[in-house]
file data_6.pdb (PDB, C-alpha atoms)
MODEL        1
ATOM      1  CA  GLN A 177     -18.715  -6.126   1.583  1.00  0.00           C
ATOM      2  CA  ALA A 178     -15.123  -5.029   2.102  1.00  0.00           C
ATOM      3  CA  GLN A 179     -14.394  -1.330   2.038  1.00  0.00           C
ATOM      4  CA  LEU A 180     -11.053   0.457   2.024  1.00  0.00           C
ATOM      5  CA  VAL A 181     -10.814   4.225   2.493  1.00  0.00           C
ATOM      6  CA  GLU A 182      -7.545   6.094   2.046  1.00  0.00           C
ATOM      7  CA  SER A 183      -6.538   9.474   3.423  1.00  0.00           C
ATOM      8  CA  GLY A 184      -3.424  11.567   3.881  1.00  0.00           C
ATOM      9  CA  GLY A 185      -2.388  12.441   0.349  1.00  0.00           C
ATOM     10  CA  GLY A 186      -1.307  15.916  -0.623  1.00  0.00           C
ATOM     11  CA  SER A 187       1.428  18.055  -2.093  1.00  0.00           C
ATOM     12  CA  VAL A 188       4.944  18.244  -0.754  1.00  0.00           C
ATOM     13  CA  GLN A 189       8.363  19.380  -1.909  1.00  0.00           C
ATOM     14  CA  ALA A 190      11.082  16.906  -2.763  1.00  0.00           C
ATOM     15  CA  GLY A 191      12.755  15.604   0.367  1.00  0.00           C
ATOM     16  CA  GLY A 192       9.604  15.995   2.413  1.00  0.00           C
ATOM     17  CA  SER A 193       7.365  13.419   4.075  1.00  0.00           C
ATOM     18  CA  LEU A 194       3.755  12.293   3.932  1.00  0.00           C
ATOM     19  CA  ARG A 195       1.822   9.624   5.802  1.00  0.00           C
ATOM     20  CA  LEU A 196      -1.000   7.764   4.092  1.00  0.00           C
ATOM     21  CA  SER A 197      -3.660   5.923   6.068  1.00  0.00           C
ATOM     22  CA  CYS A 198      -6.258   3.357   5.073  1.00  0.00           C
ATOM     23  CA  VAL A 199      -9.211   2.183   7.129  1.00  0.00           C
ATOM     24  CA  ALA A 200     -10.379  -1.310   6.236  1.00  0.00           C
ATOM     25  CA  SER A 201     -13.754  -2.796   7.037  1.00  0.00           C
ATOM     26  CA  GLY A 202     -15.633  -5.930   6.057  1.00  0.00           C
ATOM     27  CA  LEU A 203     -12.601  -8.110   5.321  1.00  0.00           C
ATOM     28  CA  SER A 204     -13.929 -11.583   5.978  1.00  0.00           C
ATOM     29  CA  SER A 205     -10.617 -13.433   6.103  1.00  0.00           C
ATOM     30  CA  SER A 206      -8.400 -13.368   9.187  1.00  0.00           C
ATOM     31  CA  SER A 207      -5.205 -13.891   7.132  1.00  0.00           C
ATOM     32  CA  VAL A 208      -4.726 -11.425   4.294  1.00  0.00           C
ATOM     33  CA  ARG A 209      -2.093  -9.387   2.537  1.00  0.00           C
ATOM     34  CA  MET A 210      -2.614  -5.631   2.484  1.00  0.00           C
ATOM     35  CA  GLY A 211      -0.683  -3.257   0.326  1.00  0.00           C
ATOM     36  CA  TRP A 212      -0.130   0.163  -1.141  1.00  0.00           C
ATOM     37  CA  PHE A 213      -0.018   0.617  -4.885  1.00  0.00           C
ATOM     38  CA  ARG A 214       0.442   3.653  -7.081  1.00  0.00           C
ATOM     39  CA  GLN A 215      -0.336   4.697 -10.599  1.00  0.00           C
ATOM     40  CA  ALA A 216       1.067   7.702 -12.393  1.00  0.00           C
ATOM     41  CA  PRO A 217      -0.544   9.071 -15.563  1.00  0.00           C
ATOM     42  CA  GLY A 218       0.289   6.905 -18.559  1.00  0.00           C
ATOM     43  CA  LYS A 219       1.917   4.212 -16.429  1.00  0.00           C
ATOM     44  CA  GLU A 220       0.809   0.846 -15.112  1.00  0.00           C
ATOM     45  CA  ARG A 221      -0.233   0.391 -11.520  1.00  0.00           C
ATOM     46  CA  GLU A 222       2.699  -0.807  -9.436  1.00  0.00           C
ATOM     47  CA  GLY A 223       3.112  -2.296  -6.001  1.00  0.00           C
ATOM     48  CA  VAL A 224       4.865  -0.081  -3.469  1.00  0.00           C
ATOM     49  CA  ALA A 225       4.708  -2.025  -0.202  1.00  0.00           C
ATOM     50  CA  SER A 226       2.692  -4.801   1.362  1.00  0.00           C
ATOM     51  CA  ILE A 227       2.282  -6.444   4.747  1.00  0.00           C
ATOM     52  CA  HIS A 228       0.676  -9.616   6.009  1.00  0.00           C
ATOM     53  CA  SER A 229      -2.086  -9.264   8.541  1.00  0.00           C
ATOM     54  CA  PRO A 230      -1.742 -10.450  11.216  1.00  0.00           C
ATOM     55  CA  GLY A 231       1.724 -11.913  10.581  1.00  0.00           C
ATOM     56  CA  GLY A 232       3.503  -8.638   9.821  1.00  0.00           C
ATOM     57  CA  THR A 233       5.930  -9.747   7.100  1.00  0.00           C
ATOM     58  CA  THR A 234       6.606  -6.893   4.706  1.00  0.00           C
ATOM     59  CA  SER A 235       7.650  -6.428   1.091  1.00  0.00           C
ATOM     60  CA  TYR A 236       8.854  -3.255  -0.619  1.00  0.00           C
ATOM     61  CA  ALA A 237       9.507  -2.201  -4.172  1.00  0.00           C
ATOM     62  CA  ASP A 238      13.202  -1.506  -4.759  1.00  0.00           C
ATOM     63  CA  SER A 239      12.405   2.097  -5.651  1.00  0.00           C
ATOM     64  CA  VAL A 240      11.084   2.862  -2.142  1.00  0.00           C
ATOM     65  CA  LYS A 241      13.247   0.671   0.107  1.00  0.00           C
ATOM     66  CA  GLY A 242      14.764   2.696   2.911  1.00  0.00           C
ATOM     67  CA  ARG A 243      12.369   5.595   2.327  1.00  0.00           C
ATOM     68  CA  PHE A 244       8.879   4.149   2.832  1.00  0.00           C
ATOM     69  CA  THR A 245       7.572   2.148   5.797  1.00  0.00           C
ATOM     70  CA  ILE A 246       4.335   0.177   5.832  1.00  0.00           C
ATOM     71  CA  SER A 247       2.584  -0.658   9.077  1.00  0.00           C
ATOM     72  CA  ARG A 248      -0.657  -2.229  10.177  1.00  0.00           C
ATOM     73  CA  ASP A 249      -2.717  -1.816  13.340  1.00  0.00           C
ATOM     74  CA  ASN A 250      -4.794  -4.981  13.497  1.00  0.00           C
ATOM     75  CA  ALA A 251      -6.851  -3.748  16.434  1.00  0.00           C
ATOM     76  CA  LYS A 252      -7.872  -0.566  14.622  1.00  0.00           C
ATOM     77  CA  ASN A 253      -8.021  -2.131  11.140  1.00  0.00           C
ATOM     78  CA  THR A 254      -5.768   0.550   9.732  1.00  0.00           C
ATOM     79  CA  LEU A 255      -2.918   0.392   7.247  1.00  0.00           C
ATOM     80  CA  ASP A 256      -0.357   3.186   7.077  1.00  0.00           C
ATOM     81  CA  LEU A 257       2.413   4.153   4.691  1.00  0.00           C
ATOM     82  CA  GLN A 258       5.061   6.537   6.000  1.00  0.00           C
ATOM     83  CA  MET A 259       6.813   8.135   3.058  1.00  0.00           C
ATOM     84  CA  ASP A 260      10.071   9.978   3.694  1.00  0.00           C
ATOM     85  CA  SER A 261      12.650  11.544   1.377  1.00  0.00           C
ATOM     86  CA  LEU A 262      10.004  11.906  -1.292  1.00  0.00           C
ATOM     87  CA  LYS A 263      11.042  12.383  -4.904  1.00  0.00           C
ATOM     88  CA  PRO A 264       9.113  13.871  -7.845  1.00  0.00           C
ATOM     89  CA  GLU A 265       8.917  10.383  -9.357  1.00  0.00           C
ATOM     90  CA  ASP A 266       6.870   9.281  -6.331  1.00  0.00           C
ATOM     91  CA  SER A 267       3.999  11.446  -7.569  1.00  0.00           C
ATOM     92  CA  ALA A 268       0.985   9.259  -8.323  1.00  0.00           C
ATOM     93  CA  LEU A 269      -2.453   8.193  -7.219  1.00  0.00           C
ATOM     94  CA  TYR A 270      -1.903   5.859  -4.277  1.00  0.00           C
ATOM     95  CA  TYR A 271      -4.278   2.978  -3.579  1.00  0.00           C
ATOM     96  CA  CYS A 272      -4.813   0.772  -0.563  1.00  0.00           C
ATOM     97  CA  ALA A 273      -5.686  -2.835  -1.402  1.00  0.00           C
ATOM     98  CA  ALA A 274      -6.288  -6.216   0.203  1.00  0.00           C
ATOM     99  CA  THR A 275      -6.246  -9.826  -0.921  1.00  0.00           C
ATOM    100  CA  GLY A 276      -8.518 -12.681  -0.035  1.00  0.00           C
ATOM    101  CA  TRP A 277      -7.101 -15.375   2.227  1.00  0.00           C
ATOM    102  CA  TRP A 278      -3.284 -15.321   2.086  1.00  0.00           C
ATOM    103  CA  PRO A 279      -0.949 -17.664   3.999  1.00  0.00           C
ATOM    104  CA  SER A 280       1.459 -15.874   6.304  1.00  0.00           C
ATOM    105  CA  TRP A 281       4.516 -17.654   4.835  1.00  0.00           C
ATOM    106  CA  ARG A 282       3.918 -16.549   1.255  1.00  0.00           C
ATOM    107  CA  THR A 283       5.786 -13.535  -0.149  1.00  0.00           C
ATOM    108  CA  ALA A 284       5.798 -14.385  -3.852  1.00  0.00           C
ATOM    109  CA  GLN A 285       3.700 -11.978  -5.915  1.00  0.00           C
ATOM    110  CA  SER A 286       2.957  -9.918  -2.803  1.00  0.00           C
ATOM    111  CA  LEU A 287       3.344  -6.702  -4.821  1.00  0.00           C
ATOM    112  CA  ALA A 288       1.418  -7.876  -7.876  1.00  0.00           C
ATOM    113  CA  PRO A 289      -1.784  -5.862  -8.351  1.00  0.00           C
ATOM    114  CA  THR A 290      -3.519  -8.893  -9.863  1.00  0.00           C
ATOM    115  CA  GLU A 291      -3.326 -10.702  -6.508  1.00  0.00           C
ATOM    116  CA  TYR A 292      -5.475  -8.061  -4.776  1.00  0.00           C
ATOM    117  CA  ILE A 293      -9.257  -8.111  -4.960  1.00  0.00           C
ATOM    118  CA  PHE A 294     -10.341  -5.210  -2.747  1.00  0.00           C
ATOM    119  CA  TRP A 295      -9.343  -1.655  -3.605  1.00  0.00           C
ATOM    120  CA  GLY A 296      -9.819   1.824  -2.236  1.00  0.00           C
ATOM    121  CA  GLN A 297     -10.572   4.874  -4.365  1.00  0.00           C
ATOM    122  CA  GLY A 298      -7.073   6.308  -4.133  1.00  0.00           C
ATOM    123  CA  THR A 299      -5.417   9.404  -2.726  1.00  0.00           C
ATOM    124  CA  GLN A 300      -3.215  11.768  -4.732  1.00  0.00           C
ATOM    125  CA  VAL A 301       0.414  12.393  -3.840  1.00  0.00           C
ATOM    126  CA  THR A 302       2.258  15.167  -5.644  1.00  0.00           C
ATOM    127  CA  VAL A 303       5.956  15.845  -5.066  1.00  0.00           C
ATOM    128  CA  SER A 304       7.419  18.991  -6.562  1.00  0.00           C
ATOM    129  CA  SER A 305      11.096  19.572  -7.278  1.00  0.00           C
TER     130      SER A 305
ENDMDL
END

call {"tool": "encode", "arguments": {"input": "data_6.pdb", "output": "structure tokens"}}
result
Amino acid sequence: QAQLVESGGGSVQAGGSLRLSCVASGLSSSSVRMGWFRQAPGKEREGVASIHSPGGTTSYADSVKGRFTISRDNAKNTLDLQMDSLKPEDSALYYCAATGWWPSWRTAQSLAPTEYIFWGQGTQVTVSS
């Protein structure tokens, strides 16, 4: 049974930084896509960033390019999201998620929530102006 546990959320002023972490266990496939998603009240869940494990290819939503960095430590089974230059519109519940088997060459739909089958419980990020 796969389990994903997020940590690192909190409150920060605009322009500040936060680092989210996710510990993954029980993923049975050796080739998966892992990602960070967020959902603000009244809005749909959206993909923020994803990375192939173990390949390392990344994808980012346009709204976070140049500000957020996703990384994966395959040895420690952790997934991180470094968030810099945070804006109030980044406020949301952030989720860590993983797919089933995913070929390393594929990037299409890599930020689509429907492609992910394992989800964490979420960690809140609040950015004040």

call {"tool": "residues_near_point", "arguments": {"input": "data_6.pdb", "point": "(7.1, 11.9, -3.7)", "cutoff": "12 Å", "atoms": "only C-alpha atoms", "output": "NGL selection string"}}
result
:A and (185-196 or 214 or 216 or 239-240 or 243-244 or 258-270 or 300-305)

call {"tool": "residues_around", "arguments": {"input": "data_6.pdb", "residues": "range 251-254 of chain A", "least_positions_apart": "4", "cutoff": "10 Å", "atoms": "all atoms listed in the file", "output": "ChimeraX atom specification"}}
result
/A:180-182,197-203,229-230,247

call {"tool": "resolve_selection", "arguments": {"input": "data_6.pdb", "expression": "the PyMOL selection byres ((chain A and resi 284-297) around 8)", "output": "ChimeraX atom specification"}}
result
/A:178-182,209,211,213,221-226,235-237,271-276,282-283,298-299

call {"tool": "closest_residue", "arguments": {"input": "data_6.pdb", "among": "A:Gly242, A:Ser280, A:Ile227, A:Thr233", "to": "Trp212 in chain A", "atoms": "all atoms listed in the file"}}
result
A:Ile227

call {"tool": "atom_distance", "arguments": {"input": "data_6.pdb", "atom1": "CA of Leu255 in chain A", "atom2": "CA of Met210 in chain A"}}
result
7.7 Å

call {"tool": "atom_distance", "arguments": {"input": "data_6.pdb", "atom1": "CA of Ser183 in chain A", "atom2": "CA of Arg248 in chain A"}}
result
14.7 Å

call {"tool": "atom_distance", "arguments": {"input": "data_6.pdb", "atom1": "CA of Gly232 in chain A", "atom2": "CA of Glu220 in chain A"}}
result
26.8 Å
